[in-house]
>>> print(open('query.pdb').read())   # PDB, C-alpha atoms
ATOM      1  CA  MET A  24      -0.776 -18.571  -0.823  1.00  0.00           C
ATOM      2  CA  ALA A  25      -3.798 -19.692  -2.871  1.00  0.00           C
ATOM      3  CA  VAL A  26      -5.130 -21.675   0.092  1.00  0.00           C
ATOM      4  CA  LEU A  27      -4.880 -18.597   2.314  1.00  0.00           C
ATOM      5  CA  VAL A  28      -6.782 -16.495  -0.226  1.00  0.00           C
ATOM      6  CA  MET A  29      -9.443 -19.178  -0.614  1.00  0.00           C
ATOM      7  CA  ASN A  30      -9.855 -19.380   3.180  1.00  0.00           C
ATOM      8  CA  GLN A  31     -10.272 -15.618   3.404  1.00  0.00           C
ATOM      9  CA  LEU A  32     -12.809 -15.605   0.560  1.00  0.00           C
ATOM     10  CA  PHE A  33     -14.701 -18.489   2.163  1.00  0.00           C
ATOM     11  CA  THR A  34     -14.835 -16.548   5.443  1.00  0.00           C
ATOM     12  CA  MET A  35     -16.156 -13.451   3.651  1.00  0.00           C
ATOM     13  CA  ILE A  36     -18.825 -15.519   1.877  1.00  0.00           C
ATOM     14  CA  ILE A  37     -19.935 -17.042   5.175  1.00  0.00           C
ATOM     15  CA  LEU A  38     -20.187 -13.581   6.748  1.00  0.00           C
ATOM     16  CA  MET A  39     -22.250 -12.336   3.814  1.00  0.00           C
ATOM     17  CA  LEU A  40     -24.540 -15.369   4.018  1.00  0.00           C
ATOM     18  CA  VAL A  41     -25.097 -14.720   7.721  1.00  0.00           C
ATOM     19  CA  GLY A  42     -26.068 -11.141   6.868  1.00  0.00           C
ATOM     20  CA  VAL A  43     -28.465 -12.296   4.155  1.00  0.00           C
ATOM     21  CA  ILE A  44     -30.089 -14.857   6.457  1.00  0.00           C
ATOM     22  CA  LEU A  45     -30.429 -12.327   9.287  1.00  0.00           C
ATOM     23  CA  ASN A  46     -31.985  -9.854   6.867  1.00  0.00           C
ATOM     24  CA  LYS A  47     -34.431 -12.441   5.462  1.00  0.00           C
ATOM     25  CA  LYS A  48     -35.477 -13.520   8.982  1.00  0.00           C
ATOM     26  CA  LYS A  49     -36.079  -9.826   9.835  1.00  0.00           C
ATOM     27  CA  TYR A  50     -33.498  -9.810  12.647  1.00  0.00           C
ATOM     28  CA  LEU A  51     -31.929  -6.763  10.990  1.00  0.00           C
ATOM     29  CA  SER A  52     -33.721  -3.600  10.026  1.00  0.00           C
ATOM     30  CA  GLU A  53     -33.105  -2.104   6.591  1.00  0.00           C
ATOM     31  CA  ASN A  54     -30.864   0.556   8.127  1.00  0.00           C
ATOM     32  CA  ASP A  55     -28.831  -2.034  10.057  1.00  0.00           C
ATOM     33  CA  ALA A  56     -28.301  -4.075   6.886  1.00  0.00           C
ATOM     34  CA  LYS A  57     -27.024  -0.995   5.040  1.00  0.00           C
ATOM     35  CA  GLU A  58     -24.649  -0.127   7.885  1.00  0.00           C
ATOM     36  CA  LEU A  59     -23.273  -3.674   8.016  1.00  0.00           C
ATOM     37  CA  SER A  60     -22.773  -3.579   4.265  1.00  0.00           C
ATOM     38  CA  VAL A  61     -20.788  -0.347   4.565  1.00  0.00           C
ATOM     39  CA  ILE A  62     -18.638  -1.858   7.316  1.00  0.00           C
ATOM     40  CA  LEU A  63     -17.988  -4.960   5.231  1.00  0.00           C
ATOM     41  CA  VAL A  64     -17.056  -3.024   2.102  1.00  0.00           C
ATOM     42  CA  LYS A  65     -15.075  -0.189   3.694  1.00  0.00           C
ATOM     43  CA  VAL A  66     -13.417  -1.982   6.620  1.00  0.00           C
ATOM     44  CA  ALA A  67     -13.393  -5.764   6.368  1.00  0.00           C
ATOM     45  CA  VAL A  68     -12.408  -6.149   2.716  1.00  0.00           C
ATOM     46  CA  PRO A  69      -9.494  -3.657   2.821  1.00  0.00           C
ATOM     47  CA  ALA A  70      -8.303  -5.143   6.113  1.00  0.00           C
ATOM     48  CA  ASN A  71      -8.426  -8.599   4.557  1.00  0.00           C
ATOM     49  CA  MET A  72      -6.373  -7.403   1.596  1.00  0.00           C
ATOM     50  CA  ILE A  73      -3.743  -5.838   3.845  1.00  0.00           C
ATOM     51  CA  ILE A  74      -3.447  -9.055   5.840  1.00  0.00           C
ATOM     52  CA  LEU A  75      -3.098 -11.131   2.665  1.00  0.00           C
ATOM     53  CA  LEU A  76      -0.379  -8.868   1.286  1.00  0.00           C
ATOM     54  CA  GLN A  77       1.871  -9.202   4.349  1.00  0.00           C
ATOM     55  CA  ARG A  78       4.827 -11.216   3.078  1.00  0.00           C
ATOM     56  CA  PRO A  79       8.499 -10.691   2.398  1.00  0.00           C
ATOM     57  CA  TYR A  80       9.551  -8.928  -0.791  1.00  0.00           C
ATOM     58  CA  SER A  81      10.983 -10.950  -3.652  1.00  0.00           C
ATOM     59  CA  HIS A  82      11.772  -9.964  -7.198  1.00  0.00           C
ATOM     60  CA  GLU A  83       9.659 -12.805  -8.619  1.00  0.00           C
ATOM     61  CA  ILE A  84       6.563 -11.605  -6.760  1.00  0.00           C
ATOM     62  CA  PHE A  85       7.144  -8.060  -8.022  1.00  0.00           C
ATOM     63  CA  VAL A  86       7.477  -9.262 -11.624  1.00  0.00           C
ATOM     64  CA  GLU A  87       4.266 -11.299 -11.307  1.00  0.00           C
ATOM     65  CA  PHE A  88       2.531  -8.252  -9.810  1.00  0.00           C
ATOM     66  CA  LEU A  89       3.588  -6.144 -12.798  1.00  0.00           C
ATOM     67  CA  LYS A  90       2.335  -8.832 -15.200  1.00  0.00           C
ATOM     68  CA  VAL A  91      -1.048  -8.925 -13.462  1.00  0.00           C
ATOM     69  CA  CYS A  92      -1.263  -5.110 -13.536  1.00  0.00           C
ATOM     70  CA  ALA A  93      -0.426  -5.047 -17.255  1.00  0.00           C
ATOM     71  CA  GLY A  94      -2.980  -7.768 -17.963  1.00  0.00           C
ATOM     72  CA  THR A  95      -5.649  -5.950 -15.981  1.00  0.00           C
ATOM     73  CA  LEU A  96      -4.971  -2.681 -17.774  1.00  0.00           C
ATOM     74  CA  GLY A  97      -5.047  -4.521 -21.103  1.00  0.00           C
ATOM     75  CA  VAL A  98      -8.427  -6.091 -20.338  1.00  0.00           C
ATOM     76  CA  CYS A  99      -9.806  -2.718 -19.199  1.00  0.00           C
ATOM     77  CA  PHE A 100      -8.508  -1.054 -22.352  1.00  0.00           C
ATOM     78  CA  ILE A 101     -10.019  -3.722 -24.616  1.00  0.00           C
ATOM     79  CA  ALA A 102     -13.335  -3.605 -22.726  1.00  0.00           C
ATOM     80  CA  THR A 103     -13.424   0.192 -23.030  1.00  0.00           C
ATOM     81  CA  ILE A 104     -12.877   0.036 -26.772  1.00  0.00           C
ATOM     82  CA  LEU A 105     -15.514  -2.705 -27.153  1.00  0.00           C
ATOM     83  CA  PHE A 106     -18.051  -0.716 -25.148  1.00  0.00           C
ATOM     84  CA  TYR A 107     -17.266   2.360 -27.209  1.00  0.00           C
ATOM     85  CA  VAL A 108     -17.677   0.491 -30.514  1.00  0.00           C
ATOM     86  CA  VAL A 109     -20.838  -1.333 -29.433  1.00  0.00           C
ATOM     87  CA  GLY A 110     -22.296   1.877 -27.974  1.00  0.00           C
ATOM     88  CA  LYS A 111     -21.950   3.737 -31.273  1.00  0.00           C
TER
END
>>> encode(input="query.pdb", output="structure tokens")
Amino acid sequence: MAVLVMNQLFTMIILMLVGVILNKKKYLSENDAKELSVILVKVAVPANMIILLQRPYSHEIFVEFLKVCAGTLGVCFIATILFYVVGK
């Protein structure tokens, strides 16, 4: 699974690098670069996530998913409190 995710991330990085190079070489106008960015963020990334999540259900995967969700919420909660304390 990790190899599949790494391959997908590597592909996304390559696509972004191609966009950056095309923009630097002035092959893309500013408007074209913005439109490609929107397509990447709103179409390619969600499609990639859907493809990566296509696998059979198992209880172990569900438990790991819940652990990751709890950890993420915990980190967000701690960060929110830290930002609130530091901001005051």
>>> residues_around(input="query.pdb", residues="Met35 of chain A", least_positions_apart="2", cutoff="12 Å", atoms="only C-alpha atoms", output="list in words")
Val28, Met29, Asn30, Gln31, Leu32, Phe33, Ile37, Leu38, Met39, Leu40, Val41, Gly42, Ser60, Leu63, Val64, Ala67, Val68, Pro69, Ala70, Asn71 and Met72 of chain A
>>> resolve_selection(input="query.pdb", expression="the PyMOL selection byres ((chain A and resi 56) around 12)", output="VMD selection string")
chain A and resid 39 41 to 47 49 to 55 57 to 63
>>> atom_distance(input="query.pdb", atom1="atom CA of Lys65 of chain A", atom2="atom CA of Ile36 of chain A")
15.9 Å
>>> atom_distance(input="query.pdb", atom1="atom CA of Gly97 of chain A", atom2="atom CA of Val66 of chain A")
29.1 Å
>>> atom_distance(input="query.pdb", atom1="atom CA of Ile74 of chain A", atom2="atom CA of Phe88 of chain A")
16.8 Å
>>> axis_aligned_box(input="query.pdb", around="segment 30-40 of chain A", padding_each_side="3 Å", output="AutoDock Vina command-line options")
--center_x -17.2 --center_y -15.9 --center_z 3.7 --size_x 20.7 --size_y 13.0 --size_z 12.2
